[in-house]
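Containing mmCIF, C-alpha atoms: coords24.cif.
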```cif
data_coords
loop_
_atom_site.label_atom_id
_atom_site.label_comp_id
_atom_site.auth_asym_id
_atom_site.auth_seq_id
_atom_site.Cartn_x
_atom_site.Cartn_y
_atom_site.Cartn_z
CA MET A 1 -125.92 83.31 -67.96
CA MET A 2 -124.28 80.01 -67.45
CA ARG A 3 -122.93 79.24 -64.14
CA MET A 4 -121.03 76.20 -63.13
CA THR A 5 -122.53 74.86 -60.04
CA PRO A 6 -120.36 72.46 -58.15
CA SER A 7 -122.41 69.35 -57.76
CA THR A 8 -122.57 68.32 -54.19
CA ILE A 9 -123.78 64.96 -53.16
CA GLU A 10 -125.43 65.19 -49.84
CA LEU A 11 -125.81 62.02 -47.90
CA PRO A 12 -128.59 62.21 -45.40
CA VAL A 13 -127.19 61.71 -41.94
CA THR A 14 -129.61 60.27 -39.46
CA ALA A 15 -129.58 60.38 -35.69
CA ASP A 16 -128.64 56.70 -35.83
CA ASP A 17 -125.49 57.55 -37.75
CA TYR A 18 -124.44 60.15 -35.22
CA ARG A 19 -125.02 57.80 -32.34
CA ILE A 20 -123.12 54.94 -33.97
CA ALA A 21 -120.27 57.28 -34.87
CA ARG A 22 -120.07 58.56 -31.32
CA TYR A 23 -119.89 55.10 -29.80
CA ALA A 24 -117.49 53.89 -32.49
CA ALA A 25 -115.22 56.84 -31.70
CA ALA A 26 -115.17 55.83 -28.05
CA ALA A 27 -114.39 52.23 -29.02
CA ILE A 28 -111.62 53.33 -31.38
CA ALA A 29 -110.09 55.52 -28.65
CA LEU A 30 -110.01 52.52 -26.31
CA THR A 31 -108.46 50.33 -29.03
CA VAL A 32 -105.72 52.87 -29.68
CA GLY A 33 -105.06 53.40 -25.99
CA GLU A 34 -104.89 49.67 -25.47
CA ALA A 35 -102.37 49.26 -28.28
CA ALA A 36 -99.90 51.13 -26.06
CA LEU A 37 -100.16 48.51 -23.33
CA PRO A 38 -97.49 45.84 -23.35
CA SER A 39 -98.85 42.36 -23.93
CA PRO A 40 -97.29 39.15 -22.61
CA LEU A 41 -98.31 37.26 -25.73
CA PRO A 42 -99.49 38.62 -29.06
CA GLY A 43 -103.24 38.36 -29.10
CA ILE A 44 -103.77 38.70 -25.38
CA LYS A 45 -105.38 42.07 -24.80
CA PRO A 46 -108.04 43.34 -22.44
CA GLY A 47 -110.32 44.25 -25.34
CA LEU A 48 -111.69 47.32 -23.62
CA ALA A 49 -113.47 48.44 -26.78
CA ASN A 50 -115.84 45.53 -26.28
CA ILE A 51 -117.26 47.32 -23.25
CA ILE A 52 -118.65 49.88 -25.69
CA VAL A 53 -119.99 47.14 -27.95
CA LEU A 54 -121.76 45.53 -24.99
CA VAL A 55 -123.30 48.82 -23.90
CA VAL A 56 -124.50 49.55 -27.43
CA LEU A 57 -125.86 46.02 -27.72
CA ALA A 58 -127.89 46.39 -24.54
CA ARG A 59 -129.15 49.88 -25.32
CA TYR A 60 -129.68 49.89 -29.08
CA GLY A 61 -129.60 46.30 -30.26
CA TRP A 62 -127.42 44.01 -32.30
CA ARG A 63 -127.35 46.03 -35.54
CA ASP A 64 -125.80 49.07 -33.88
CA ALA A 65 -123.40 46.88 -31.92
CA ALA A 66 -122.24 45.25 -35.14
CA TRP A 67 -121.65 48.64 -36.74
CA VAL A 68 -119.67 49.89 -33.77
CA SER A 69 -117.62 46.71 -33.52
CA LEU A 70 -116.72 46.55 -37.21
CA LEU A 71 -116.04 50.29 -37.47
CA ARG A 72 -113.81 49.88 -34.45
CA VAL A 73 -111.81 47.10 -36.13
CA VAL A 74 -111.39 48.93 -39.44
CA ALA A 75 -110.78 52.46 -38.15
CA GLY A 76 -108.78 51.29 -35.15
CA SER A 77 -106.42 49.33 -37.37
CA LEU A 78 -106.07 52.35 -39.68
CA VAL A 79 -105.04 54.51 -36.75
CA ILE A 80 -102.57 51.96 -35.39
CA GLY A 81 -101.21 51.29 -38.85
CA GLN A 82 -102.30 47.66 -38.93
CA PHE A 83 -104.88 47.88 -41.68
CA LEU A 84 -104.75 44.72 -43.83
CA ALA A 85 -101.85 43.39 -41.74
CA PRO A 86 -102.32 39.94 -40.18
CA GLY A 87 -103.41 41.53 -36.90
CA PHE A 88 -106.26 43.25 -38.69
CA PHE A 89 -107.64 40.01 -40.07
CA LEU A 90 -107.29 38.30 -36.71
CA ALA A 91 -109.18 41.15 -35.06
CA LEU A 92 -111.82 41.01 -37.78
CA ALA A 93 -112.25 37.25 -37.40
CA GLY A 94 -112.58 37.69 -33.64
CA ALA A 95 -115.08 40.52 -33.99
CA VAL A 96 -117.23 38.64 -36.50
CA CYS A 97 -117.30 35.50 -34.35
CA SER A 98 -118.14 37.38 -31.18
CA LEU A 99 -120.90 39.33 -32.96
CA ALA A 100 -122.38 36.04 -34.12
CA VAL A 101 -122.30 34.73 -30.56
CA LEU A 102 -123.72 37.98 -29.19
CA ALA A 103 -126.65 37.64 -31.61
CA LEU A 104 -127.41 34.32 -29.90
CA ALA A 105 -126.55 35.51 -26.39
CA GLN A 106 -129.14 38.25 -26.77
CA ARG A 107 -131.80 35.57 -26.74
CA LEU A 108 -130.80 34.42 -23.27
CA PRO A 109 -133.46 35.27 -20.70
CA ALA A 110 -132.59 38.70 -19.31
CA ARG A 111 -133.80 37.70 -15.87
CA PHE A 112 -130.92 35.31 -15.38
CA PHE A 113 -128.22 36.54 -17.71
CA GLY A 114 -126.65 39.98 -17.74
CA PRO A 115 -123.88 41.70 -19.68
CA VAL A 116 -121.26 39.57 -17.92
CA SER A 117 -122.54 36.41 -19.62
CA ALA A 118 -122.66 38.14 -22.99
CA SER A 119 -119.14 39.45 -22.46
CA VAL A 120 -117.62 36.11 -21.45
CA LEU A 121 -119.31 34.28 -24.31
CA ALA A 122 -118.19 36.93 -26.78
CA ALA A 123 -114.64 36.79 -25.43
CA PHE A 124 -114.49 33.04 -25.97
CA ALA A 125 -115.93 33.44 -29.46
CA HIS A 126 -113.28 36.07 -30.10
CA ILE A 127 -110.33 33.83 -29.26
CA GLY A 128 -112.04 30.95 -31.04
CA GLY A 129 -112.29 32.93 -34.27
CA GLN A 130 -108.75 34.20 -33.95
CA LEU A 131 -107.26 30.80 -33.24
CA LEU A 132 -109.14 29.21 -36.15
CA LEU A 133 -107.97 31.88 -38.57
CA ALA A 134 -104.44 31.65 -37.21
CA ARG A 135 -104.49 27.87 -37.62
CA VAL A 136 -105.87 28.00 -41.17
CA TRP A 137 -103.83 30.90 -42.42
CA LEU A 138 -100.83 31.96 -40.33
CA VAL A 139 -99.59 28.85 -38.55
CA PRO A 140 -100.58 25.81 -40.61
CA HIS A 141 -99.74 23.54 -37.75
CA ASP A 142 -101.74 22.34 -34.74
CA GLY A 143 -99.17 23.99 -32.47
CA VAL A 144 -101.34 27.10 -32.09
CA PHE A 145 -103.92 25.12 -30.15
CA TYR A 146 -101.43 24.46 -27.40
CA LEU A 147 -101.79 28.14 -26.54
CA LEU A 148 -105.53 27.66 -26.06
CA PRO A 149 -105.39 27.50 -22.24
CA LEU A 150 -103.62 30.85 -22.07
CA PHE A 151 -106.03 32.50 -24.48
CA ALA A 152 -109.00 30.93 -22.69
CA THR A 153 -107.78 32.22 -19.33
CA ALA A 154 -107.40 35.71 -20.77
CA ALA A 155 -110.86 35.49 -22.33
CA LEU A 156 -112.42 34.46 -19.02
CA VAL A 157 -110.69 37.12 -16.96
CA PHE A 158 -111.02 40.03 -19.38
CA GLY A 159 -114.47 38.93 -20.50
CA ALA A 160 -115.70 38.97 -16.90
CA ILE A 161 -114.09 42.33 -16.12
CA ASN A 162 -115.35 43.98 -19.31
CA GLY A 163 -118.79 42.56 -18.66
CA LEU A 164 -118.79 43.95 -15.13
CA VAL A 165 -117.77 47.37 -16.37
CA ALA A 166 -120.46 47.27 -19.06
CA ALA A 167 -123.03 46.18 -16.48
CA ARG A 168 -121.94 49.02 -14.27
CA LEU A 169 -122.25 51.57 -17.07
CA LEU A 170 -125.68 50.24 -18.00
CA ASP A 171 -126.72 50.25 -14.37
CA ALA A 172 -125.78 53.89 -13.89
CA PRO A 173 -128.49 56.45 -14.53
CA VAL A 174 -127.98 57.84 -18.00
CA ALA A 175 -128.19 61.48 -16.94
CA ALA A 176 -125.50 61.42 -14.30
CA PRO A 177 -122.62 63.27 -15.88
CA VAL A 178 -119.79 64.40 -13.70
CA GLU A 179 -120.11 68.10 -13.18
CA VAL A 180 -116.79 69.78 -13.49
CA LYS A 181 -117.08 73.08 -11.69
CA ASP A 182 -114.84 75.75 -12.98
CA GLY A 183 -113.15 78.19 -10.70
CA SER A 184 -114.24 76.62 -7.45
CA MET B 185 -102.69 75.74 -1.46
CA LYS B 186 -105.02 73.59 0.58
CA SER B 187 -105.88 70.71 -1.67
CA SER B 188 -103.68 69.13 -4.28
CA VAL B 189 -106.62 67.56 -6.10
CA PRO B 190 -109.00 69.87 -7.93
CA ASP B 191 -112.65 69.50 -7.00
CA GLY B 192 -113.68 68.38 -10.43
CA LEU B 193 -111.10 65.65 -10.50
CA ARG B 194 -112.02 64.57 -7.00
CA GLU B 195 -115.63 64.18 -8.06
CA LEU B 196 -114.56 62.21 -11.11
CA LEU B 197 -112.48 59.90 -8.94
CA ALA B 198 -115.32 59.47 -6.46
CA HIS B 199 -117.60 58.63 -9.36
CA ALA B 200 -115.08 56.14 -10.70
CA ALA B 201 -114.66 54.59 -7.26
CA GLY B 202 -118.36 53.89 -7.23
CA ALA B 203 -120.00 56.56 -5.14
CA GLY B 204 -123.74 56.18 -5.35
CA HIS B 205 -123.53 52.79 -7.04
CA ALA B 206 -124.87 49.44 -6.06
CA PRO B 207 -122.10 46.99 -5.07
CA TRP B 208 -120.39 45.07 -7.85
CA ARG B 209 -121.84 41.71 -7.03
CA THR B 210 -125.39 42.90 -7.62
CA LEU B 211 -124.42 43.34 -11.27
CA LEU B 212 -124.13 39.57 -11.61
CA LYS B 213 -127.29 37.57 -12.15
CA PRO B 214 -127.65 33.87 -11.27
CA GLY B 215 -127.04 32.81 -14.86
CA ASP B 216 -123.88 34.88 -14.96
CA TRP B 217 -122.47 33.02 -11.97
CA LEU B 218 -123.33 29.70 -13.58
CA LEU B 219 -121.73 30.72 -16.84
CA LEU B 220 -118.60 31.97 -15.09
CA LEU B 221 -118.37 28.67 -13.26
CA ALA B 222 -118.77 26.68 -16.47
CA ALA B 223 -116.22 28.86 -18.26
CA GLY B 224 -113.79 28.46 -15.37
CA MET B 225 -114.15 24.69 -15.56
CA PHE B 226 -113.60 24.78 -19.31
CA VAL B 227 -110.43 26.83 -18.84
CA ALA B 228 -109.15 24.49 -16.12
CA ALA B 229 -109.88 21.48 -18.32
CA SER B 230 -107.97 23.04 -21.20
CA TYR B 231 -104.74 23.27 -19.20
CA PRO B 232 -103.71 19.61 -19.58
CA LEU B 233 -103.73 20.31 -23.32
CA LEU B 234 -100.91 22.76 -22.87
CA TRP B 235 -98.58 20.22 -21.37
CA ARG B 236 -99.70 17.20 -23.31
CA GLY B 237 -96.82 15.50 -25.03
CA GLY B 238 -98.93 14.57 -28.03
CA THR B 239 -97.09 16.66 -30.58
CA ALA B 240 -94.60 14.94 -32.75
CA ASP B 241 -91.13 16.38 -32.87
CA ARG B 242 -89.16 13.84 -34.87
CA ALA B 243 -89.64 11.25 -37.56
CA ILE B 244 -88.05 7.82 -37.26
CA VAL B 245 -87.27 6.06 -40.50
CA LYS B 246 -86.69 2.31 -40.41
CA ARG B 247 -85.66 -0.31 -42.94
CA ASP B 248 -86.17 -3.97 -42.11
CA GLY B 249 -87.03 -2.92 -38.57
CA GLN B 250 -83.69 -1.18 -38.09
CA VAL B 251 -83.62 2.56 -37.44
CA VAL B 252 -81.99 4.24 -40.43
CA THR B 253 -82.31 7.83 -39.34
CA GLU B 254 -84.19 10.24 -37.13
CA LEU B 255 -85.29 13.51 -38.69
CA ALA B 256 -86.22 16.53 -36.58
CA LEU B 257 -89.61 17.95 -37.52
CA ASN B 258 -88.59 21.57 -37.38
CA VAL B 259 -86.88 22.02 -40.74
CA ALA B 260 -88.30 21.19 -44.14
CA ARG B 261 -86.18 18.60 -45.94
CA LYS B 262 -86.33 15.43 -47.99
CA TYR B 263 -84.65 12.15 -47.22
CA GLU B 264 -84.07 9.31 -49.65
CA LEU B 265 -83.35 5.77 -48.71
CA THR B 266 -82.98 2.60 -50.70
CA GLY B 267 -85.13 -0.31 -49.59
CA ALA B 268 -85.78 -3.81 -50.86
CA ILE B 269 -87.21 -2.83 -54.26
CA GLY B 270 -86.11 0.75 -54.83
CA THR B 271 -85.86 4.23 -53.38
CA SER B 272 -88.38 5.76 -50.98
CA VAL B 273 -88.45 9.51 -50.45
CA ILE B 274 -89.48 10.87 -47.07
CA GLU B 275 -90.51 14.51 -46.91
CA VAL B 276 -90.39 16.46 -43.66
CA GLN B 277 -92.00 19.83 -43.01
CA PRO B 278 -92.37 21.70 -39.73
CA GLY B 279 -94.61 19.53 -37.56
CA ARG B 280 -95.29 16.76 -40.08
CA ALA B 281 -93.79 14.15 -42.33
CA ARG B 282 -94.90 11.89 -45.18
CA VAL B 283 -93.70 9.34 -47.66
CA LEU B 284 -93.40 11.39 -50.82
CA SER B 285 -92.75 8.51 -53.17
CA ASP B 286 -92.24 4.79 -52.91
CA PRO B 287 -91.72 2.03 -55.47
CA GLY B 288 -94.42 -0.17 -53.92
CA PRO B 289 -97.18 -1.26 -56.34
CA ARG B 290 -100.17 -0.07 -54.27
CA GLN B 291 -98.75 3.14 -52.83
CA TYR B 292 -100.57 2.75 -49.51
CA CYS B 293 -97.94 4.58 -47.49
CA VAL B 294 -97.82 7.43 -50.01
CA GLN B 295 -101.58 7.84 -50.06
CA GLN B 296 -101.64 8.04 -46.30
CA GLY B 297 -100.41 11.60 -46.70
CA TRP B 298 -99.04 13.73 -43.94
CA LEU B 299 -98.47 12.27 -40.49
CA THR B 300 -98.84 14.84 -37.72
CA ARG B 301 -99.47 13.06 -34.42
CA ALA B 302 -96.91 11.33 -32.27
CA ASN B 303 -96.76 7.59 -32.97
CA ALA B 304 -98.52 7.84 -36.29
CA VAL B 305 -96.96 5.38 -38.71
CA ALA B 306 -96.80 4.84 -42.47
CA ILE B 307 -95.63 1.42 -43.61
CA CYS B 308 -94.27 0.78 -47.07
CA ALA B 309 -94.24 -3.00 -46.78
CA PRO B 310 -92.94 -3.94 -50.27
CA ASN B 311 -89.90 -1.74 -49.79
CA HIS B 312 -89.45 -2.76 -46.11
CA VAL B 313 -89.57 0.89 -45.06
CA THR B 314 -91.52 2.48 -42.21
CA LEU B 315 -91.93 6.09 -41.21
CA GLN B 316 -93.03 6.79 -37.66
CA LEU B 317 -93.40 10.03 -35.74
CA ALA B 318 -92.28 10.32 -32.12
CA GLY B 319 -93.23 12.81 -29.46
CA ARG B 320 -91.27 14.59 -26.80
CA SER B 321 -92.03 12.25 -23.94
CA GLY B 322 -91.60 8.56 -24.42
CA GLN B 323 -93.92 7.31 -21.69
CA ASN B 324 -96.61 9.96 -21.60
CA ASP B 325 -98.03 9.56 -25.06
CA ALA B 326 -101.72 9.36 -25.71
CA TYR B 327 -101.42 6.50 -28.22
CA ASP B 328 -99.12 3.56 -28.71
CA THR B 329 -99.52 3.72 -32.45
CA LEU B 330 -101.74 5.54 -34.90
CA ASN B 331 -102.89 4.37 -38.30
CA TYR B 332 -105.57 5.66 -40.61
#
```
This entry written out as structure tokens:
Amino acid sequence: MMRMTPSTIELPVTADDYRIARYAAAAIALTVGEAALPSPLPGIKPGLANIIVLVVLARYGWRDAAWVSLLRVVAGSLVIGQFLAPGFFLALAGAVCSLAVLALAQRLPARFFGPVSASVLAAFAHIGGQLLLARVWLVPHDGVFYLLPLFATAALVFGAINGLVAARLLDAPVAAPVEVKDGS
Amino acid sequence: MKSSVPDGLRELLAHAAGAGHAPWRTLLKPGDWLLLLAAGMFVAASYPLLWRGGTADRAIVKRDGQVVTELALNVARKYELTGAIGTSVIEVQPGRARVLSDPGPRQYCVQQGWLTRANAVAICAPNHVTLQLAGRSGQNDAYDTLNY
């Protein structure tokens, strides 16, 4: 008897994949939530998703952080409806630059440098990458660089805050979930 | 109804407010402080950039030292003028200007390409034509003249 068997391709899913997907989901949720916030200037955003990237970087290393960050950019832009729009490429340029800087920042002696340093450096790399892409591609005119002080201020402030939050999350004991009692 | 906040939510808020956590400043290591300081100085130093009058906003075209016209650098356009030996064409685009063509034998001013900074100048000597960019503020410019 001949039977047609539907051929299924099973991709092995490792624990790594689940972990990365979980963190990426959190980062995407923050990206989408943040998209609802009004921004004084296009490009100035808190970048809350980077808190997740920093936590993943500290806990699981650069490879996982890169996965989470890039998944966040691609999937986040799909959800917002920005995929392949200029904003997507700017976000991608920023993410790639900050990942490159994070790879270097990881080498800083952990005794003296914490997540706050990594966060601030990554934030500056982020605006650097975005401004360069904007200059080369969107605004072929040195005028974009006159916005540098504003972007740099945002990078410093949000980078420091995100770094503090990441440091706080990393500092907290892992098994300290909030117990929600039902029917108290 | 005694409490308006459910217990679970109250615990969540207490957790968020930092119950059982070390104070914030212990999360910063010495290097972090140093880096924040350096970054703050970088940001402060970048502010003069914002208000620097170094961008060009108009092109001044002269013939025999006399101003022929001033072209705003915000709209793309071309301007032709007749000089000593023929017609020079000035091209303006947002933020920059150049001599597009000139009858001069060596084409120096054409080969200079786009001028972008305030006070940059292209001189077409054979045709007695000059193209110079000017910035917003007359006295606050970084350079008196620019040539490449």
message = For the PyMOL selection byres ((chain B and resi 301) around 6), applied here, can you spell out every residue it catches as a PyMOL selection string?
response = chain B and resi 239-240+300+302+304
ask   = Exactly which residues make up the result of the PyMOL selection byres ((chain A and resi 26-28) around 6) on this file, given as number ranges by chain?
value = A: 23-25, 29-31, 49, 52, 72, 76
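Matched in the shown structure by the PyMOL selection byres ((chain A and resi 77) around 10): A:Ile28, A:Thr31, A:Val32, A:Ala35, A:Leu71, A:Arg72, A:Val73, A:Val74, A:Ala75, A:Gly76, A:Leu78, A:Val79, A:Ile80, A:Gly81, A:Gln82, A:Phe83, A:Leu84, A:Ala85, A:Gly87, A:Phe88, A:Phe89, A:Ala91, A:Leu92.
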Expected answer as a list in words: all residues with atoms within 7 Å of (-129.3, 42.1, -36.0), all atoms listed in the file =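 Applying the cut-off with all atoms listed in the file, one gets Trp62, Arg63 and Ala103 of chain A.
Note that CA of Phe151 in chain A and CA of Pro38 in chain A are 15.9 Å apart.
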request  = For Gly159 in chain A, please output as a ChimeraX atom specification all residues within 7 Å (counting all atoms listed in the file; exclusion window: fewer than 3 positions along the same chain).
outcome  = /A:119-120,123,155-156,162-163
query = Neighbours of Trp298 in chain B within 7 Å (all atoms listed in the file; same-chain residues fewer than 6 positions away dropped), as a list of chain:residue names?
reply = B:Arg280, B:Ala281, B:Arg282
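Proximity of A:Arg19, A:Arg111, A:Arg135, A:His126 to chain B, computed with all atoms listed in the file, is greatest for A:Arg111.
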ask   = Looking at all atoms listed in the file, which of B:Gln277, B:Gln295, B:Thr329, B:Thr266 is the one that sits closest to chain A?
value = B:Gln277
12 Å contact set for Ile307 in chain B, all atoms listed in the file, chain neighbours under 2 positions out, as number ranges by chain = B: 244-249, 272, 274, 282-283, 286, 288, 290-297, 299, 304-305, 309-317, 330-332
query = How many Å lie between CA of Trp217 in chain B and CA of Arg107 in chain A, rounded to one decimal?
reply =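 That distance, rounded to one decimal, is 17.7 Å.
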